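> Here you go, this is run-v1.cif (mmCIF, C-alpha atoms and all ligand atoms).
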data_start
#
loop_
_atom_site.label_atom_id
_atom_site.label_comp_id
_atom_site.auth_asym_id
_atom_site.auth_seq_id
_atom_site.Cartn_x
_atom_site.Cartn_y
_atom_site.Cartn_z
CA MET D 255 108.54 82.20 94.73
CA PRO D 256 105.46 84.42 94.84
CA GLU D 257 103.17 83.65 97.77
CA LEU D 258 99.73 84.97 98.66
CA PRO D 259 100.78 88.60 99.35
CA GLU D 260 102.55 88.91 96.00
CA VAL D 261 99.62 87.46 94.05
CA GLU D 262 97.14 89.59 96.00
CA SER D 263 99.20 92.75 95.34
CA LEU D 264 99.21 91.87 91.65
CA ARG D 265 95.46 91.20 91.75
CA ARG D 266 94.72 94.61 93.24
CA ILE D 267 96.77 96.42 90.60
CA LEU D 268 95.20 94.52 87.71
CA ALA D 269 91.69 94.89 89.16
CA ALA D 270 92.19 98.68 89.13
CA SER D 271 93.91 98.93 85.76
CA ALA D 272 92.44 96.19 83.56
CA THR D 273 88.83 95.58 84.66
CA GLY D 274 86.42 96.29 81.81
CA ARG D 275 89.09 96.02 79.11
CA SER D 276 88.82 93.47 76.28
CA PHE D 277 91.49 91.34 74.66
CA ILE D 278 92.03 92.33 71.02
CA ALA D 279 95.18 90.31 70.31
CA ALA D 280 97.16 87.52 71.93
CA ILE D 281 100.60 86.18 71.07
CA VAL D 282 102.01 82.95 72.53
CA ARG D 283 105.77 83.02 71.94
CA GLU D 284 106.61 80.09 74.21
CA PRO D 285 103.81 77.64 75.11
CA ARG D 286 106.04 75.36 77.21
CA LEU D 287 105.19 76.41 80.75
CA ARG D 288 104.62 73.98 83.66
CA ARG D 289 101.76 72.75 81.49
CA ALA D 290 101.77 73.67 77.82
CA VAL D 291 99.52 76.56 76.80
CA THR D 292 96.92 74.96 74.51
CA PRO D 293 97.15 75.68 70.75
CA ASP D 294 93.67 77.26 70.66
CA PHE D 295 94.37 79.52 73.64
CA ALA D 296 95.17 82.75 71.78
CA ALA D 297 92.15 82.50 69.48
CA SER D 298 89.78 81.67 72.32
CA ILE D 299 90.68 84.70 74.44
CA ILE D 300 90.31 87.37 71.76
CA GLY D 301 87.17 89.45 72.14
CA ARG D 302 86.71 88.54 75.81
CA THR D 303 86.23 91.26 78.43
CA ILE D 304 87.87 91.22 81.86
CA GLU D 305 84.95 91.33 84.30
CA THR D 306 86.70 90.84 87.63
CA VAL D 307 90.17 89.96 88.81
CA GLY D 308 90.00 87.48 91.71
CA ARG D 309 92.38 85.20 93.54
CA ARG D 310 92.29 81.75 95.11
CA ALA D 311 95.42 80.67 97.00
CA LYS D 312 98.32 81.63 94.69
CA TYR D 313 96.13 81.56 91.56
CA LEU D 314 94.96 84.72 89.87
CA MET D 315 91.42 84.08 88.66
CA ILE D 316 90.46 86.55 85.92
CA GLU D 317 86.75 86.26 85.15
CA LEU D 318 85.94 86.87 81.51
CA GLY D 319 82.69 87.67 79.75
CA GLY D 320 81.19 84.51 78.27
CA GLY D 321 81.56 82.36 81.37
CA ASP D 322 85.25 81.48 81.36
CA LEU D 323 88.08 82.24 83.75
CA LEU D 324 91.69 82.87 82.92
CA MET D 325 93.75 81.08 85.59
CA VAL D 326 97.30 82.35 86.11
CA HIS D 327 99.92 80.89 88.46
CA LEU D 328 103.30 82.63 88.58
CA GLY D 329 105.25 79.46 89.40
CA MET D 330 108.75 80.18 90.66
CA SER D 331 109.63 83.30 88.72
CA GLY D 332 106.60 84.53 86.75
CA SER D 333 105.17 88.02 86.50
CA LEU D 334 102.15 89.50 84.78
CA THR D 335 102.62 93.16 84.04
CA HIS D 336 100.21 95.68 82.58
CA ARG D 337 102.20 97.93 80.29
CA ARG D 338 101.03 101.07 78.59
CA ALA D 339 102.42 102.40 75.35
CA GLY D 340 105.49 104.55 75.88
CA ARG D 341 105.65 103.88 79.63
CA ASP D 342 107.13 101.27 81.93
CA ASN D 343 109.20 99.77 79.13
CA GLU D 344 112.76 99.85 80.43
CA PRO D 345 112.92 97.43 83.36
CA PHE D 346 111.44 94.46 81.54
CA ASP D 347 113.26 91.45 80.16
CA PRO D 348 111.81 90.68 76.72
CA ARG D 349 113.62 87.32 76.34
CA HIS D 350 111.17 85.70 78.73
CA ASP D 351 107.99 87.52 77.67
CA HIS D 352 106.26 84.27 76.76
CA LEU D 353 102.69 85.54 76.32
CA GLU D 354 101.55 88.99 75.33
CA PHE D 355 97.96 90.25 75.22
CA THR D 356 96.85 93.53 73.71
CA LEU D 357 93.84 95.19 75.35
CA ASP D 358 91.32 97.48 73.67
CA ASP D 359 92.92 100.67 75.06
CA GLY D 360 96.27 99.78 73.44
CA SER D 361 97.87 98.60 76.70
CA ARG D 362 99.47 95.17 76.95
CA LEU D 363 99.37 92.43 79.55
CA VAL D 364 102.63 90.52 79.40
CA TYR D 365 103.43 87.20 81.07
CA ASN D 366 107.17 86.84 81.71
CA ASP D 367 108.65 83.71 83.31
CA PRO D 368 112.37 82.88 83.06
CA ARG D 369 112.01 79.46 84.69
CA ARG D 370 108.69 78.56 83.03
CA PHE D 371 107.07 76.89 86.04
CA GLY D 372 103.97 79.04 85.70
CA LEU D 373 100.53 78.11 84.45
CA ILE D 374 98.09 79.94 82.20
CA LYS D 375 94.86 78.36 81.14
CA LEU D 376 91.29 79.11 80.25
CA VAL D 377 88.69 77.30 82.35
CA ALA D 378 84.92 77.22 82.01
CA ARG D 379 83.28 78.59 85.16
CA ALA D 380 81.03 75.52 85.21
CA ASP D 381 84.10 73.24 85.40
CA LEU D 382 85.79 75.11 88.24
CA ALA D 383 84.91 72.56 90.93
CA ALA D 384 86.68 69.85 88.93
CA ILE D 385 89.94 71.76 88.36
CA ALA D 386 92.77 69.64 89.76
CA GLU D 387 94.84 72.64 90.89
CA LEU D 388 92.01 74.00 93.05
CA ARG D 389 90.61 70.79 94.44
CA GLY D 390 91.65 70.05 98.00
CA LEU D 391 92.98 73.56 98.72
CA GLY D 392 92.61 74.53 102.36
CA PRO D 393 90.86 77.69 103.59
CA GLU D 394 92.14 81.14 102.77
CA PRO D 395 94.08 82.53 105.75
CA PHE D 396 91.64 85.46 105.95
CA ALA D 397 88.60 83.16 106.17
CA ALA D 398 86.81 82.73 109.51
CA GLU D 399 87.34 78.99 109.09
CA PHE D 400 91.10 79.47 109.63
CA CYS D 401 90.98 79.71 113.43
CA THR D 402 92.44 78.14 116.56
CA ASP D 403 89.92 75.28 116.57
CA TYR D 404 90.75 74.49 112.96
CA LEU D 405 94.51 74.46 113.63
CA TRP D 406 93.97 72.34 116.70
CA ARG D 407 91.98 69.80 114.67
CA VAL D 408 94.48 69.57 111.78
CA THR D 409 97.60 69.42 113.94
CA ARG D 410 96.65 66.78 116.53
CA GLY D 411 98.53 63.58 115.95
CA ARG D 412 100.74 65.16 113.26
CA ARG D 413 104.38 64.22 113.53
CA GLY D 414 105.62 66.60 110.82
CA ALA D 415 107.14 70.01 111.54
CA ILE D 416 104.73 72.88 112.15
CA LYS D 417 106.39 74.88 109.38
CA ASN D 418 105.66 72.15 106.81
CA LEU D 419 102.06 72.10 107.94
CA LEU D 420 101.72 75.88 107.48
CA MET D 421 103.15 75.56 103.97
CA ASP D 422 100.81 72.69 103.07
CA GLN D 423 98.27 74.18 100.65
CA ARG D 424 95.69 71.62 101.79
CA ILE D 425 95.86 73.06 105.33
CA VAL D 426 95.93 76.77 104.48
CA ALA D 427 96.12 78.28 101.02
CA GLY D 428 98.82 80.71 99.94
CA VAL D 429 101.48 80.55 102.68
CA GLY D 430 104.96 79.65 101.44
CA ASN D 431 108.51 79.59 102.74
CA ILE D 432 109.04 83.29 103.46
CA TYR D 433 105.83 83.97 105.34
CA ALA D 434 105.83 80.64 107.23
CA SER D 435 109.17 81.66 108.81
CA GLU D 436 107.87 85.13 109.63
CA ILE D 437 104.60 83.87 111.11
CA LEU D 438 106.38 81.35 113.35
CA PHE D 439 108.82 83.97 114.61
CA ARG D 440 105.99 86.30 115.57
CA ALA D 441 104.11 83.38 117.16
CA ARG D 442 107.35 82.43 119.03
CA VAL D 443 107.22 78.82 117.81
CA ARG D 444 110.27 77.12 116.31
CA PRO D 445 109.75 75.92 112.72
CA THR D 446 111.00 72.43 113.58
CA ARG D 447 108.44 71.79 116.33
CA ARG D 448 106.33 68.70 115.80
CA ALA D 449 102.89 70.04 114.75
CA GLY D 450 101.03 67.70 117.10
CA LYS D 451 102.95 69.07 120.09
CA VAL D 452 102.26 72.77 119.48
CA THR D 453 100.05 73.99 122.31
CA ARG D 454 96.61 75.46 121.92
CA ALA D 455 97.87 78.87 123.09
CA GLU D 456 100.60 78.77 120.44
CA LEU D 457 98.11 77.75 117.77
CA ALA D 458 95.91 80.68 118.80
CA ARG D 459 98.89 82.97 118.19
CA ILE D 460 99.56 81.37 114.80
CA ALA D 461 95.87 81.72 113.83
CA ALA D 462 95.90 85.43 114.73
CA ILE D 463 99.33 86.29 113.36
CA THR D 464 99.00 84.55 109.98
CA PRO D 465 96.44 86.98 108.48
CA ALA D 466 98.18 89.93 110.18
CA VAL D 467 101.57 89.16 108.59
CA LEU D 468 100.01 88.57 105.19
CA HIS D 469 98.01 91.82 105.40
CA GLU D 470 101.17 93.77 106.24
CA ALA D 471 103.01 92.20 103.32
CA ILE D 472 100.15 92.98 100.94
CA GLY D 473 100.27 96.58 102.17
CA SER D 474 103.94 96.69 101.12
CA GLY D 475 103.29 95.16 97.72
CA GLY D 476 104.75 91.81 98.81
CA THR D 477 108.35 90.66 99.07
CA THR D 478 110.77 90.56 96.18
CA PHE D 479 113.60 88.16 96.65
CA ARG D 480 114.89 87.50 93.21
CA SER D 481 112.43 88.11 90.46
CA TYR D 482 108.96 89.00 91.67
CA ARG D 483 107.44 92.09 90.04
CA ASP D 484 103.97 93.48 90.61
CA GLY D 485 101.46 94.40 87.89
CA ARG D 486 103.34 97.63 87.17
CA GLY D 487 106.71 95.91 86.99
CA GLN D 488 107.77 97.18 90.41
CA PRO D 489 109.43 95.02 93.09
CA GLY D 490 107.66 94.44 96.43
CA ARG D 491 108.79 96.56 99.40
CA TYR D 492 108.35 94.10 102.27
CA ALA D 493 111.86 92.58 102.28
CA PRO D 494 113.40 95.21 104.63
CA ARG D 495 110.67 94.40 107.16
CA LEU D 496 111.35 90.65 107.28
CA LEU D 497 112.27 89.68 110.85
CA VAL D 498 113.97 86.33 110.27
CA TYR D 499 113.73 85.17 106.65
CA ASP D 500 117.16 85.08 104.95
CA ARG D 501 118.75 86.76 108.01
CA GLU D 502 121.02 83.90 109.18
CA GLY D 503 123.75 85.20 111.51
CA GLN D 504 122.20 88.66 111.76
CA PRO D 505 120.93 89.87 115.15
CA CYS D 506 117.31 89.15 116.05
CA ARG D 507 115.42 92.43 115.86
CA GLU D 508 113.89 91.73 119.30
CA CYS D 509 116.74 90.26 121.36
CA ALA D 510 119.93 90.55 119.23
CA THR D 511 120.63 86.78 119.32
CA PRO D 512 121.99 85.69 115.91
CA ILE D 513 119.25 84.24 113.69
CA ARG D 514 119.76 80.58 112.82
CA ALA D 515 118.97 78.70 109.64
CA VAL D 516 117.73 75.12 109.61
CA THR D 517 116.46 72.93 106.80
CA VAL D 518 112.86 71.81 107.25
CA GLY D 519 111.30 69.73 104.49
CA GLN D 520 114.17 70.62 102.11
CA ARG D 521 113.52 74.35 102.57
CA SER D 522 115.67 76.84 104.44
CA SER D 523 113.94 78.06 107.56
CA PHE D 524 115.02 80.85 109.84
CA TYR D 525 114.37 81.35 113.54
CA CYS D 526 115.63 83.02 116.70
CA PRO D 527 116.80 80.41 119.22
CA HIS D 528 116.02 82.79 122.09
CA CYS D 529 112.59 84.12 121.06
CA GLN D 530 111.17 80.90 119.63
CA LYS D 531 110.48 77.78 121.70
ZN ZN M 601 115.15 86.90 119.35
#
Can you turn what I pasted into structure tokens?
Ligand SMILES: [Zn+2]

Amino acid sequence: MPELPEVESLRRILAASATGRSFIAAIVREPRLRRAVTPDFAASIIGRTIETVGRRAKYLMIELGGGDLLMVHLGMSGSLTHRRAGRDNEPFDPRHDHLEFTLDDGSRLVYNDPRRFGLIKLVARADLAAIAELRGLGPEPFAAEFCTDYLWRVTRGRRGAIKNLLMDQRIVAGVGNIYASEILFRARVRPTRRAGKVTRAELARIAAITPAVLHEAIGSGGTTFRSYRDGRGQPGRYAPRLLVYDREGQPCRECATPIRAVTVGQRSSFYCPHCQK
């Protein structure tokens, strides 16, 4: 599932390649995503210009001329690729190209999503504060607000596992299963630890390491596990650098102890029993 680094990598590519372009055509082949694409969607996007490509949590927020935003969430398996005529055509899977937009330079933005858990909708900028998906989201991990004091405040008295807390979008936006495991390994905290018992020194490590890990992953174009593709249709390159995620039984890269897997909140979690306390 795409997490913050994958969406941010996509955002950067689209910001460079699609800003200033206008939509001249839109085709909705399959409206049944996590929420159905509205019947008037295609007509209402034609003629709009892409002003900026932003991001909040795992949502791509494409600001359009006329005061609306195009919100895109990739769900479990979505991708949004910017394809130019005669290029980049081979690796794509046209069966799941559910929405296709033509831009005024002849290029196409294509939303592909085999599992159809994604979301695409047009939102008036004035209504943004009332959007259910965005309400209650915690701070971005790069925000100054996400600090040791903040983690201390939100973890005290919490009986749940620290890994679940890191993946809770109300606590911090954009961290999912892959990066939560990686962050906790680097912070030397086991994913199963009760959040309320994690020490202040450990929380300080988590606060510092979280943005660092995400920055590194963004620099590698994110992680591709099964299906993620960036805005050019390329997989992310971070997977070979993962220290614990999906490495059960393989030697820890620091101490050679076999990495263990444990289920936390119905998700597979990976840790080194020697390095993490
Ligand atoms: Zn180790």
> How would you report the residues lying within 7 Å of ligand ZN 601 (chain M), as a list in words, if you count only C-alpha atoms and all ligand atoms?
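Counting only what the definition allows, namely only C-alpha atoms and all ligand atoms, the set is Cys506, Arg507, Glu508, Cys509, Ala510, Thr511, Cys526, Pro527, His528 and Cys529 of chain D.
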> Using only C-alpha atoms, pick whichever of D:Ile460, D:Ile278, D:Leu268, D:Val429 has the shortest atom-to-atom distance to D:Glu394.
D:Val429
> Contacts of D:Arg521 at 8 Å or less, counting all atoms listed in the file, minus same-chain residues fewer than 3 places along, as a compact mmCIF listing (two decimals) with C-alpha atoms, in the frame of the given file?

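The resulting file, part_21.txt, is shown below:
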# COMPACT_ATOMS: atom_id res chain seq x y z
CA ASN D 431 108.51 79.59 102.74
CA THR D 517 116.46 72.93 106.80
CA VAL D 518 112.86 71.81 107.25
> Taking only C-alpha atoms into account, which of D:Ala466, D:Leu388, D:Val408, D:Ile316 comes nearest D:Ala449?
D:Val408
> Rounded to one decimal in Å, what is the spacing between atom CA of D:Arg412 and atom CA of D:Lys451?
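Between atom CA of D:Arg412 and atom CA of D:Lys451 the gap is 8.2 Å.
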> Please determine, counting all atoms listed in the file, which residue among D:Asp367, D:Asp422, D:Glu436, D:Glu470 has the shortest atom-to-atom distance to D:Gly329.
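Looking only at the distances to D:Gly329, the closest residue turns out to be D:Asp367.
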> Which residues, written as number ranges by chain, have at least one atom at most 7 Å from D:Phe371, with only C-alpha atoms counted and residues fewer than 2 positions away on the same chain left out?
D: 287-288, 329-330, 369, 373
> Figure out the distance between atom CA of D:Ser481 and atom CA of D:Gly372, please, to one decimal in Å.
13.3 Å
> With distances taken over only C-alpha atoms, which of D:Ala461, D:Leu357, D:Met421, D:Ala290 is nearest to D:Gly519?
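Looking at the shortest contact to D:Gly519, the residue is D:Met421.
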> Go through D:Ala380, D:Val452, D:Pro465, D:Thr303 and flag the residue nearest D:Ala398, using only C-alpha atoms for the distances.
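Closest residue, counting only C-alpha atoms: D:Pro465.
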> Between D:Ala270, D:Ala471, D:Ala434, D:Ala462, which one has atoms that come closest to D:Arg491, using only C-alpha atoms?
D:Ala471
> Would you kindly return, as a PyMOL selection string, each protein, DNA or RNA residue with an atom no farther than 10 Å from any atom of D:Arg424, considering all atoms listed in the file and excluding same-chain residues fewer than 5 positions away?
chain D and resi 388-393+419
> I'd like the interatomic distance between atom CA of D:Gly332 and atom CA of D:Tyr482, to a tenth of an Å.
7.1 Å
> Give me the residues within 12 Å of D:Asp403 as a list of chain:residue names, counting all atoms listed in the file and dropping any in the same chain fewer than 6 places off.
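Answer for this query is D:Thr409, D:Arg410, D:Thr453, D:Arg454, D:Ala455, D:Glu456, D:Leu457, D:Ala458, D:Arg459, D:Ile460, D:Ala461, D:Ala462.
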> Each side padded by 6 Å, which centre and which edge lengths in Å (one decimal) define the axis-aligned box around the listed atoms of stretch 439-456 of chain D? Give them as JSON.

{"center_x": 103.8, "center_y": 77.0, "center_z": 117.9, "size_x": 26.4, "size_y": 30.6, "size_z": 22.4}
> Excluding D:Thr306 and residues on its chain fewer than 5 positions from it, collect all residues at most 10 Å away from it, counting all atoms listed in the file, and give them as a list in words.
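So the residues in contact are Arg265, Leu268, Ala269, Ala270, Ala272, Thr273, Gly274, Met315, Ile316, Glu317, Leu318, Gly319 and Leu323 of chain D.
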> Kindly provide, as a list in words, the polymer residues lying within 9 Å of (93.2, 86.1, 103.1), counting all atoms listed in the file and using the coordinates exactly as they appear in the file.
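Neighbouring residues, ordered by chain and number, come to Leu258, Pro259, Glu262, Ala311, Pro393, Glu394, Pro395, Phe396, Ala397, Ala427, Gly428, Pro465, Leu468 and His469 of chain D.
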